[in-house]
Structure formats: C-alpha cells, structure tokens
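final-v4.pdb, holding PDB, C-alpha atoms:
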ATOM      1  CA  MET A 194      16.058  50.710 -13.091
ATOM      2  CA  GLY A 195      16.484  52.072  -9.628
ATOM      3  CA  LYS A 196      13.597  52.784  -7.314
ATOM      4  CA  LEU A 197      14.218  56.533  -7.504
ATOM      5  CA  THR A 198      14.176  56.461 -11.305
ATOM      6  CA  VAL A 199      10.854  54.608 -11.356
ATOM      7  CA  MET A 200       9.353  57.126  -8.923
ATOM      8  CA  LEU A 201      10.550  60.071 -11.039
ATOM      9  CA  VAL A 202       9.134  58.517 -14.210
ATOM     10  CA  ILE A 203       5.783  57.954 -12.486
ATOM     11  CA  LEU A 204       5.869  61.529 -11.210
ATOM     12  CA  LEU A 205       6.599  63.144 -14.583
ATOM     13  CA  VAL A 206       4.504  60.913 -16.845
ATOM     14  CA  GLY A 207       1.644  60.950 -14.362
ATOM     15  CA  ALA A 208       1.678  64.755 -14.246
ATOM     16  CA  VAL A 209       1.486  64.974 -18.038
ATOM     17  CA  ILE A 210      -1.348  62.445 -18.219
ATOM     18  CA  LEU A 211      -3.303  63.910 -15.299
ATOM     19  CA  CYS A 212      -3.018  67.531 -16.437
ATOM     20  CA  PRO A 213      -6.179  67.511 -18.635
ATOM     21  CA  LEU A 214      -8.135  65.813 -15.857
ATOM     22  CA  VAL A 215      -7.023  68.397 -13.308
ATOM     23  CA  MET A 216      -7.788  71.200 -15.785
ATOM     24  CA  ALA A 217     -11.417  70.053 -15.876
ATOM     25  CA  PHE A 218     -11.806  70.822 -12.157
ATOM     26  CA  GLU A 219     -10.436  74.385 -12.592
ATOM     27  CA  PRO A 220      -8.560  74.527  -9.259
ATOM     28  CA  GLU A 221      -7.111  77.697  -7.759
ATOM     29  CA  PRO A 222      -3.703  78.486  -9.281
ATOM     30  CA  LEU A 223      -0.597  77.439  -7.399
ATOM     31  CA  PRO A 224       2.877  78.925  -7.817
ATOM     32  CA  GLY A 225       4.336  77.371 -10.948
ATOM     33  CA  ASP A 226       1.049  77.179 -12.820
ATOM     34  CA  PHE A 227       0.878  79.180 -16.005
ATOM     35  CA  THR A 228      -1.749  80.585 -18.342
ATOM     36  CA  PHE A 229      -1.483  81.091 -22.071
ATOM     37  CA  ALA A 230      -3.814  82.531 -24.693
ATOM     38  CA  TRP A 231      -4.858  80.525 -27.721
ATOM     39  CA  ASN A 232      -7.400  81.919 -30.196
ATOM     40  CA  ASN A 233      -8.577  84.521 -27.678
ATOM     41  CA  HIS A 234      -9.133  81.858 -24.993
ATOM     42  CA  LYS A 235      -7.159  81.755 -21.765
ATOM     43  CA  ILE A 236      -5.991  78.255 -20.910
ATOM     44  CA  ALA A 237      -4.681  77.644 -17.400
ATOM     45  CA  VAL A 238      -2.220  74.762 -17.070
ATOM     46  CA  PRO A 239      -2.201  73.486 -13.457
ATOM     47  CA  VAL A 240       1.364  72.208 -13.216
ATOM     48  CA  GLY A 241       1.443  72.259  -9.418
ATOM     49  CA  TRP A 242      -1.827  70.401  -8.990
ATOM     50  CA  SER A 243      -0.829  67.819 -11.593
ATOM     51  CA  LEU A 244       2.454  67.191  -9.811
ATOM     52  CA  CYS A 245       0.597  66.803  -6.499
ATOM     53  CA  ALA A 246      -1.787  64.257  -8.006
ATOM     54  CA  SER A 247       1.093  62.422  -9.641
ATOM     55  CA  ALA A 248       3.063  62.372  -6.372
ATOM     56  CA  THR A 249       0.041  60.739  -4.764
ATOM     57  CA  LEU A 250       0.104  58.066  -7.466
ATOM     58  CA  ALA A 251       3.838  57.505  -6.930
ATOM     59  CA  LEU A 252       3.279  57.186  -3.174
ATOM     60  CA  PHE A 253       0.427  54.748  -3.770
ATOM     61  CA  TYR A 254       2.675  52.732  -6.099
ATOM     62  CA  SER A 255       5.436  52.523  -3.494
ATOM     63  CA  ILE A 256       2.996  51.414  -0.793
ATOM     64  CA  MET A 257       1.413  48.765  -3.006
ATOM     65  CA  LYS A 258       4.850  47.519  -4.150
ATOM     66  CA  ARG A 259       5.723  46.461  -0.574
TER      67      ARG A 259
END

Turn the structure described in the file into structure tokens.
Amino acid sequence: MGKLTVMLVILLVGAVILCPLVMAFEPEPLPGDFTFAWNNHKIAVPVGWSLCASATLALFYSIMKR
C-alpha cells in the first residue's frame, strides 16, 4: 500500500473511531457537522472535529514512522 493510501485509511478510520470521544466534549459546531433527532433527542455529530483529531493522528504516525 502506498503512503498516501495508509494516511487516508488512518484519517477515515480514525475519524469514525474518534467521533464518540469527540461527541463527549460537545465542541462548537464546525461547517460539515450535522445534527439529527432520534427519539426526541438531538444528537450532534462532529464530523469536522473528528477529522481534525484523526489528521493529528495521521501526522503523528508519519512523524513516528521516520
């Protein structure tokens, strides 16, 4: 697998895994975040924040790989 492919996999999988953790902190919404209602509860999904946290992990991975 190429280096770019590994970074994209880390970015996407990391965002999915980190989303519940980021949701616990209830950050301010960024563009791209969305909210949906489920059983009269509003659930905010912080897509932007999760991608930022995942990008940090991908950057950390690339630095540690050297």

Contact check, segment 223-252 of chain A to segment 211-218 of chain A, at most 10 Å, counting only C-alpha atoms, closest pairs as a Markdown table:
| residue | atom | partner | partner_atom | distance |
| --- | --- | --- | --- | --- |
| A:Ile236 | CA | A:Met216 | CA | 8.9 |
| A:Ala237 | CA | A:Met216 | CA | 7.3 |
| A:Val238 | CA | A:Met216 | CA | 6.7 |
| A:Pro239 | CA | A:Met216 | CA | 6.5 |
| A:Val240 | CA | A:Cys212 | CA | 7.2 |
| A:Gly241 | CA | A:Cys212 | CA | 9.6 |
| A:Trp242 | CA | A:Val215 | CA | 7.0 |
| A:Ser243 | CA | A:Cys212 | CA | 5.3 |
| A:Leu244 | CA | A:Cys212 | CA | 8.6 |
| A:Ala246 | CA | A:Leu211 | CA | 7.5 |
| A:Ser247 | CA | A:Leu211 | CA | 7.3 |

Starting from the shown file, work through the PyMOL selection byres ((chain A and resi 201) around 12) and note down what comes out as a list of chain:residue names.
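That expression, the PyMOL selection byres ((chain A and resi 201) around 12), corresponds here to A:Met194, A:Gly195, A:Lys196, A:Leu197, A:Thr198, A:Val199, A:Met200, A:Val202, A:Ile203, A:Leu204, A:Leu205, A:Val206, A:Gly207, A:Ala208, A:Leu244, A:Ser247, A:Ala248, A:Leu250, A:Ala251, A:Leu252, A:Tyr254, A:Ser255.
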
If I take atom CA of Glu219 of chain A and atom CA of Cys245 of chain A, how far is one from the other in Å, to one decimal?
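Result for atom CA of Glu219 of chain A versus atom CA of Cys245 of chain A: 14.7 Å, one decimal.
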
Would you work out the distance separating atom CA of Pro224 of chain A from atom CA of Thr249 of chain A, expressed in Å to one decimal?
18.7 Å

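The interatomic distance for the pair atom CA of Lys258 of chain A and atom CA of Val209 of chain A works out to 22.6 Å.
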
With N, CA and C atoms as the target, complete segment 204-224 of chain A and hand it back as a compact mmCIF listing (two decimals), keeping the file's coordinate frame.
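The file below, selection.txt, is the result:
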# COMPACT_ATOMS: atom_id res chain seq x y z
N LEU A 204 6.19 60.14 -11.54
CA LEU A 204 5.87 61.53 -11.21
C LEU A 204 5.71 62.38 -12.47
N LEU A 205 6.64 62.30 -13.38
CA LEU A 205 6.60 63.14 -14.58
C LEU A 205 5.54 62.69 -15.58
N VAL A 206 5.49 61.41 -15.88
CA VAL A 206 4.50 60.91 -16.84
C VAL A 206 3.09 61.05 -16.28
N GLY A 207 2.95 60.80 -15.00
CA GLY A 207 1.64 60.95 -14.36
C GLY A 207 1.17 62.38 -14.40
N ALA A 208 2.06 63.34 -14.20
CA ALA A 208 1.68 64.76 -14.25
C ALA A 208 1.21 65.15 -15.64
N VAL A 209 1.89 64.65 -16.66
CA VAL A 209 1.49 64.97 -18.04
C VAL A 209 0.13 64.35 -18.36
N ILE A 210 -0.09 63.13 -17.93
CA ILE A 210 -1.35 62.44 -18.22
C ILE A 210 -2.51 63.03 -17.41
N LEU A 211 -2.25 63.40 -16.16
CA LEU A 211 -3.30 63.91 -15.30
C LEU A 211 -3.63 65.38 -15.51
N CYS A 212 -2.81 66.10 -16.25
CA CYS A 212 -3.02 67.53 -16.44
C CYS A 212 -4.39 67.86 -17.04
N PRO A 213 -4.84 67.20 -18.11
CA PRO A 213 -6.18 67.51 -18.64
C PRO A 213 -7.30 67.20 -17.64
N LEU A 214 -7.13 66.15 -16.86
CA LEU A 214 -8.14 65.81 -15.86
C LEU A 214 -8.20 66.88 -14.77
N VAL A 215 -7.06 67.35 -14.33
CA VAL A 215 -7.02 68.40 -13.31
C VAL A 215 -7.55 69.71 -13.88
N MET A 216 -7.29 69.98 -15.15
CA MET A 216 -7.79 71.20 -15.78
C MET A 216 -9.30 71.25 -15.78
N ALA A 217 -9.96 70.10 -15.86
CA ALA A 217 -11.42 70.05 -15.88
C ALA A 217 -12.02 70.54 -14.56
N PHE A 218 -11.30 70.39 -13.46
CA PHE A 218 -11.81 70.82 -12.16
C PHE A 218 -11.56 72.31 -11.89
N GLU A 219 -10.76 72.97 -12.71
CA GLU A 219 -10.44 74.39 -12.59
C GLU A 219 -10.05 74.77 -11.16
N PRO A 220 -8.96 74.18 -10.63
CA PRO A 220 -8.56 74.53 -9.26
C PRO A 220 -7.92 75.91 -9.19
N GLU A 221 -7.80 76.42 -7.97
CA GLU A 221 -7.11 77.70 -7.76
C GLU A 221 -5.65 77.55 -8.21
N PRO A 222 -5.09 78.59 -8.82
CA PRO A 222 -3.70 78.49 -9.28
C PRO A 222 -2.70 78.40 -8.13
N LEU A 223 -1.71 77.57 -8.33
CA LEU A 223 -0.60 77.44 -7.40
C LEU A 223 0.62 78.12 -8.02
N PRO A 224 1.64 78.43 -7.21
CA PRO A 224 2.88 78.92 -7.82
C PRO A 224 3.45 77.87 -8.76
